[in-house]
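Colleague: Sharing a structure, written as structure tokens. Questions coming.
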Amino acid sequence: MKGKYPVDYFMNPKVNKPIEKIWADIDAYSGEYFEDEEYRKMTDFYVILPPLQYEGKKTKGIFMSQGVDYIYKLYPNISELFYSMAYTMWSSYPWSEKADVYLTCYKNPEREEWYFKTHPEKRNKILLPLQDADFTNEYILAPQFNVKRDIDILYIARVTQMKNIPVFIEALKIYEQKYGTKLKAVLLTGDMRDNKQFQRDKIILEINKKIGQIENYAEVLDYVHYSEMPKYYSRAKFTVLTSLIEGKNRTIQESMSCNTPVIVFRDHNKWARGPHELFYKNSGLYVETFSPEALADTIHNGLMNYKGRFYPRRNYLKNNGRKNFINMCVDAIPYFRENLPEYKEGRIQDNLWVDLAMQDNYQLSFMDFLYGKNYAIQHVKCHENDHSLTDFFYERFHVPNPMKK
């Protein structure tokens, strides 16, 4: 992770700068993994589509990573096996020099035009409005049966300055004062080991001093296993997000996949996304003004008109989930249109050659692969001292492995 973190944007939706300078500020920080970082020993390597061979025909695969350039250093000829897609957990465009595709969070034509004008050397890069958040497994993150919606508001965020947690707690306090009802709110903060303890303590102390003891307004859970997340989403009437700038927040995707509508400030990531909406119609509510009271009022509006108004999972599955994700990736790369047998746009899940090759090469159906039945093949750990699974692809497809002496 490198660059200048734009702290000035965290709580300020009215930055007085030309949009081009704002885009430059956003792109001045990247959440990618870089080899020269002292702690960097390993990077992620998500196999979206593995290399395939069947009936005398071979096709490359696709991987995405936050450390694409590091992977190319470990495996200089990885391009013989895979197309690469770089992503960053921030809303910047990736900094990778080697990646074939940049995953860019949102489709924003004006920003894309500015980017290529500013970086003419990158004009060969494919810009694709996806991120790892879009790779949500819609059958794991799904509504749970026999679960009552007994949580009014679910809030999921690391305790960092960027998340604006004090705004959320103050909104809960205002709600109780203004509407005479104490909300059942749950705040999931993640594993404390993932946070900077000093920053966490400072933020909680700030809330306790200015607003009141945080536990008076929300149940705070420091850690919930990922397997339990669908249950919490399914218990909630709404999921709330109060950040103004970050990456494509997973919470929005996961909540909608679990059929729980979201409440988000209209200004969330507005500079990066431009005209792109955060969610689909009848999938959530925008808070039009960045203030705790406006958030409290929007929560009240939602809770008073909750039943029969929102259909987030139905809307989400039309455009998101893993089938949509992999089709967008395959369709964006001209190679597959030209080389994938029986190619049809938007229908790789129906491609018989792909399914036959997948079974022959990996003893999996295409759908079983896509939804993680063999987790190890899909989620490769690329470590400087351990290349065992990546070696597997080299050996399987008879590509010279530079790491093998």
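In the structure tokens, the first chain shown is A, the next is B, and so on; residue numbers restart at 1 for each chain, and ligands run from 1 in the order shown.
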Tell me which protein, DNA and RNA residues are within 10 Å of A:Val224, counting only C-alpha atoms, leaving out same-chain ones fewer than 2 positions away, and put them as a PyMOL selection string.

Modeller: chain A and resi 188-191+221-222+226-229+232

Colleague: For stretch 126-142 of chain A, list every protein, DNA or RNA residue within 7 Å, evaluated using only C-alpha atoms, and leave out those in the same chain fewer than 3 positions away; present the list as a list in words.

Modeller: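 That gives Tyr87, Asp100, Val101, Tyr102, Leu103, Thr104, Cys105, Tyr106, Lys107, Pro230, Lys248, Asn249, Arg250, Gln253, Glu254, Ser257, Cys258, Asn320, Gly321, Arg322, Phe325 and Tyr371 of chain A.
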
Colleague: Would you mind telling me which residue in A:Arg266, A:Tyr72, A:Met11, A:Pro18 lies nearest to A:Gln161 when using only C-alpha atoms?

Modeller: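 The closest residue to A:Gln161 is A:Met11.
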
Colleague: Pull the strand (DSSP E) assignments for stretch 144-307 of chain A out of DSSP run on the backbone, and list those residues as a list of chain:residue names.

Modeller: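 Output for stretch 144-307 of chain A, strand (DSSP E) only: A:Ile151, A:Asp152, A:Ile153, A:Leu154, A:Tyr155, A:Ile156, A:Ala185, A:Val186, A:Leu187, A:Leu188, A:Glu219, A:Val220, A:Leu221, A:Ala236, A:Lys237, A:Phe238, A:Thr239, A:Val240, A:Leu241, A:Val262, A:Ile263, A:Val264, A:Phe265, A:Gly284, A:Leu285, A:Tyr286, A:Val287.
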
Colleague: Which residue, A:Tyr217, A:Tyr316, A:Tyr33, A:Trp90, has the smallest gap to A:Pro261 when you use only C-alpha atoms?

Modeller: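 Between A:Tyr217, A:Tyr316, A:Tyr33, A:Trp90, the residue approaching A:Pro261 most closely is A:Tyr316.
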